[in-house]
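Student: The structure follows.
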2 protein chains.
Amino acid sequence: MATIYEVSKRAGVSLATVSRVLNNSGRVTERTRQKVLAAMAELDYRPNSIAQSLASNRSNSVGIMVPELHGPFFGTLITGIEQVLREAGKHTIVTVGHSNEAEEKDGIDFLVSRRCDALILHVDAVSDEFIVELDDGPVPVVLVNRLVPQVEEKCIRLDNFHGGRIATAYLLELGHRDIAYISGPLWKSDARDRLAGHKQALADAGVEFDTRLFFEGDFQEPSGSDGMRRFLALDVPFTAVVCANDGMAAGAMRAAREEGLQIPGDVSVVGFDNVTFSAYLYPNLSTINYPAMQIGQMAGRWVLKQVYGRDDLEVQKLFEPTLIVRESARPLAP
Amino acid sequence: MATIYEVSKRAGVSLATVSRVLNNSGRVTERTRQKVLAAMAELDYRPNSIAQSLASNRSNSVGIMVPELHGPFFGTLITGIEQVLREAGKHTIVTVGHSNEAEEKDGIDFLVSRRCDALILHVDAVSDEFIVELDDGPVPVVLVNRLVPQVEEKCIRLDNFHGGRIATAYLLELGHRDIAYISGPLWKSDARDRLAGHKQALADAGVEFDTRLFFEGDFQEPSGSDGMRRFLALDVPFTAVVCANDGMAAGAMRAAREEGLQIPGDVSVVGFDNVTFSAYLYPNLSTINYPAMQIGQMAGRWVLKQVYGRDDLEVQKLFEPTLIVRESARPLAP
DNA sequence: CGCATCGATGTAAGCGCTTACGAATAGAAC
DNA sequence: GTTCTATTCGTAAGCGCTTACATCGATGCG
């Protein structure tokens, strides 16, 4: 593969000049610029980005960590990030943390030793303190879907509290009073926030939160089924259930069906995230929209702006969830 | 951040020795090795992998290209790849091709200029010739879910033909004769192979392929709905439909429901891929299992074996699809 | 005791690029 | 034509590491 040296020889200029046209830095006459460009084309020259990184002390790569790669949510998030970053010629190194402290730290180490210019993290296991400390280090960090107060300006997130609130408020509006809740794991802050929103909505309506109608799942489909079965086995009547994500809602609906219940006839269901398949469940799931793609894009932009100096970019840090009304919830029969 | 030089000074040895313990190459006395290790720990030394790459001409990174990052399928595939590779200390650079020739070439260029040690590609737009040519280049390539005869030994894939065949064979076994087919885009080889399998199964059973009961979708949910509506608008009776992936099956089932049909009462449906949500559709989708995770892992292993010299690894190149029987298909009522 | 041998370690030359600095050239002003 | 300033371009010193080769001691043997 041709090197910059060969290009410079062929173009009859120095290394430095070639480098200049490569980076559009410094000033080069149009004439020499053309000569260089021609030489590059003739040699099918591709700059060695490793060498560029070493010399410039910039790796042009940003590290990403997500809990999982499969599942509809994170894929969308990463799509947003990758798109924005790649347009800017940066590349992304993706790592999986599995919501497990050791793995998250490990992955971050990996990313740091890879000399990423920045990190975009969707982590849940690691503590706030760890993140603050990491942020004090040499590599800039942006947090997705999590608020760490000490580094608030680096957190790109959805207002999960508000999301939880409007999900339940919607059901209350439809006349439901006995509303069950299938939560995500409470050691995850988004799960906690959504639950807090739910409780707030209940309180606002003067409805008491009934711990018997609460189930802590793990954001996976089967735990939604477990939750629904648990509720059904109870002697406590309920007419609606809100699930902290669409996957658990799918599980809950399946279990309800298997137990002979009609949705929304016997019980209304609301999900959270608005992943693609929620529109194809039966009945089509009413849910809360999570603009994962946009959030990913914003995270990418943040990096472009703060790390690569693209001052022209605007970045929005807080997103408001909205209610998507479909078929899985209906007014409480009088 | 500490460099190898500082480590060598602190340990009282030369650069080369430090490098040796770093890489477990060459022989180093246990005593000096310990000294070096201690110095590294004291300085919290992290090797600069950029510099390592430049010097060793190995980037320890492998490039991945997939059509999309969201959607249940590719996430799973990448999870498999990433897992295997990261265990080996390699990292993955993920790029999106959008099944579009220009973007695919562009992304591959990007990966190459990033000096990836190998490429794992799931591409559909680019021609066989292009791939053969690419393979002649300096960077090893492995192809996922596509067979290019000239480089067969580098193709890790599912037997899509067989998958298409057993999907339809299953319906035939259940007594169906009028079987519609919603295909993926025919310029994609997997879509073609699945269709060919379908036709073969029909032929085996002496059933004629009816072009009116054929619809070419795009592997997305809405096109499944479109296909189903098209069939329903026709005057051609049919009792079953096979869809070339689960997403289109979801769309088809939704459309059927909206048109007042029962599944599987009025029409049986079979999907392809066995993505997670297929088990949560209503009715639970009978489908063909695509071991995406395993295929990803194999692709990773292939690279480990062929590029990084891990000769101990076994790699399986061809995978056999299997039928997953759930609820969306039933015997034809007599 | 001298010499060949071998393993442990050091020396130094890159890997392909960026970039501070200075040289050279061109144009402007007189 | 001379001087001065701007601008373009070349020189060379790294970036942090790997690795071929050289060196040095210690060991074994005649």
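All residue names refer to the structure tokens as shown: chains lettered A, B, ... in order, residues numbered from 1 in each chain, ligands numbered from 1 in order.
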Excluding region 10-22 of chain C and its own-chain neighbours fewer than 3 positions away, which residues fall within 8 Å of it when counting only C-alpha atoms (C1' of nucleotides)? Please give them as a ChimeraX atom specification.
Tutor: /A:3-4,19,48,51-52,54-56 /B:14,16,54-57 /D:22-23
Student: Write a file of the selected residues as a short mmCIF file (atom, residue, chain, number, x, y, z; two decimals), in the first residue's frame, keeping C-alpha atoms (C1' of nucleotides).
Tutor:
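Below is the file that was written, again-v4.cif:
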```
data_model
loop_
_atom_site.label_atom_id
_atom_site.label_comp_id
_atom_site.auth_asym_id
_atom_site.auth_seq_id
_atom_site.Cartn_x
_atom_site.Cartn_y
_atom_site.Cartn_z
CA THR A 3 2.64 5.67 1.71
CA ILE A 4 2.69 9.38 1.93
CA SER A 19 0.04 16.00 4.64
CA ASN A 48 -2.79 5.01 7.22
CA ALA A 51 0.00 6.41 11.79
CA GLN A 52 -2.15 9.50 11.67
CA LEU A 54 -0.05 8.14 16.55
CA ALA A 55 1.39 11.32 15.15
CA SER A 56 -1.56 13.50 15.96
CA SER B 14 15.64 -1.60 28.25
CA ALA B 16 12.99 -4.12 24.36
CA LEU B 54 1.87 1.03 13.82
CA ALA B 55 4.99 -0.78 14.83
CA SER B 56 3.65 -4.26 14.40
CA ASN B 57 1.57 -3.54 11.36
"C1'" DA D 22 24.47 -6.95 18.43
"C1'" DT D 23 26.34 -7.64 22.89
#
```
Student: Kindly provide, as a VMD selection string, the residues of chain D having any atom no farther than 7 Å from an atom of chain B, counting only C-alpha atoms (C1' of nucleotides).
Tutor: chain D and resid 16 to 18
Student: Keeping only C-alpha atoms (C1' of nucleotides), write the selected residues as a compact mmCIF listing (two decimals), in the first residue's frame.
Tutor:
```
# COMPACT_ATOMS: atom_id res chain seq x y z
C1' DG D 16 5.20 4.96 21.42
C1' DC D 17 6.04 0.89 20.14
C1' DT D 18 8.26 -3.74 17.74
```
Student: Do you have the CA of Gln150 (chain B)-CA of Tyr308 (chain B) distance handy?
Tutor: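 For CA of Gln150 (chain B) relative to CA of Tyr308 (chain B), the distance reads 23.1 Å.
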Student: Considering only C-alpha atoms, tabulate each residue of chain A that lies at most 9 Å from chain B along with its nearest interatomic pair and the corresponding distance in Å to one decimal; arrange the rows by chain and ascending residue number and present them as a tab-separated table.
Tutor:
```
residue	atom	partner	partner_atom	distance
A:Met1	CA	B:Pro138	CA	8.5
A:Arg46	CA	B:Ser113	CA	5.8
A:Pro47	CA	B:Ser113	CA	6.5
A:Asn48	CA	B:Ser113	CA	6.0
A:Ser49	CA	B:Arg114	CA	5.5
A:Ile50	CA	B:Leu54	CA	6.0
A:Ala51	CA	B:Leu54	CA	6.0
A:Ser53	CA	B:Ile50	CA	6.9
A:Leu54	CA	B:Ile50	CA	6.0
A:Ser59	CA	B:Ile50	CA	7.7
A:Glu68	CA	B:Thr79	CA	7.7
A:Leu69	CA	B:Gly75	CA	5.1
A:His70	CA	B:Gly75	CA	4.0
A:Gly71	CA	B:Pro72	CA	5.6
A:Pro72	CA	B:Gly71	CA	5.6
A:Phe73	CA	B:His70	CA	7.6
A:Phe74	CA	B:His70	CA	7.4
A:Gly75	CA	B:His70	CA	4.0
A:Thr76	CA	B:His70	CA	4.7
A:Leu77	CA	B:His70	CA	8.1
A:Ile78	CA	B:Leu69	CA	7.1
A:Thr79	CA	B:Leu69	CA	5.6
A:Glu82	CA	B:Thr95	CA	7.5
A:Gln83	CA	B:Val96	CA	8.2
A:Arg86	CA	B:Thr95	CA	8.3
A:Gly89	CA	B:Phe110	CA	8.3
A:His91	CA	B:Ile93	CA	7.0
A:Thr92	CA	B:Ile93	CA	6.0
A:Ile93	CA	B:Ile93	CA	5.1
A:Val94	CA	B:Thr92	CA	6.7
A:Thr95	CA	B:Glu82	CA	7.5
A:Val96	CA	B:Glu82	CA	8.1
A:Phe110	CA	B:Gly89	CA	8.4
A:Val112	CA	B:Arg46	CA	8.7
A:Ser113	CA	B:Arg46	CA	6.0
A:Arg114	CA	B:Ser49	CA	5.6
A:Arg115	CA	B:Asn48	CA	7.0
A:Pro138	CA	B:Met1	CA	8.7
A:Glu221	CA	B:Tyr280	CA	8.3
A:Gly247	CA	B:Phe277	CA	8.2
A:Ala250	CA	B:Tyr280	CA	6.0
A:Gly251	CA	B:Tyr280	CA	6.7
A:Met253	CA	B:Tyr280	CA	8.4
A:Arg254	CA	B:Tyr280	CA	6.3
A:Thr276	CA	B:Gly71	CA	8.1
A:Phe277	CA	B:Phe277	CA	7.4
A:Tyr280	CA	B:Ala250	CA	6.0
A:Leu281	CA	B:Leu281	CA	5.5
A:Tyr282	CA	B:Tyr282	CA	5.7
A:Pro283	CA	B:Tyr282	CA	8.4
A:Asn284	CA	B:Arg254	CA	8.9
```
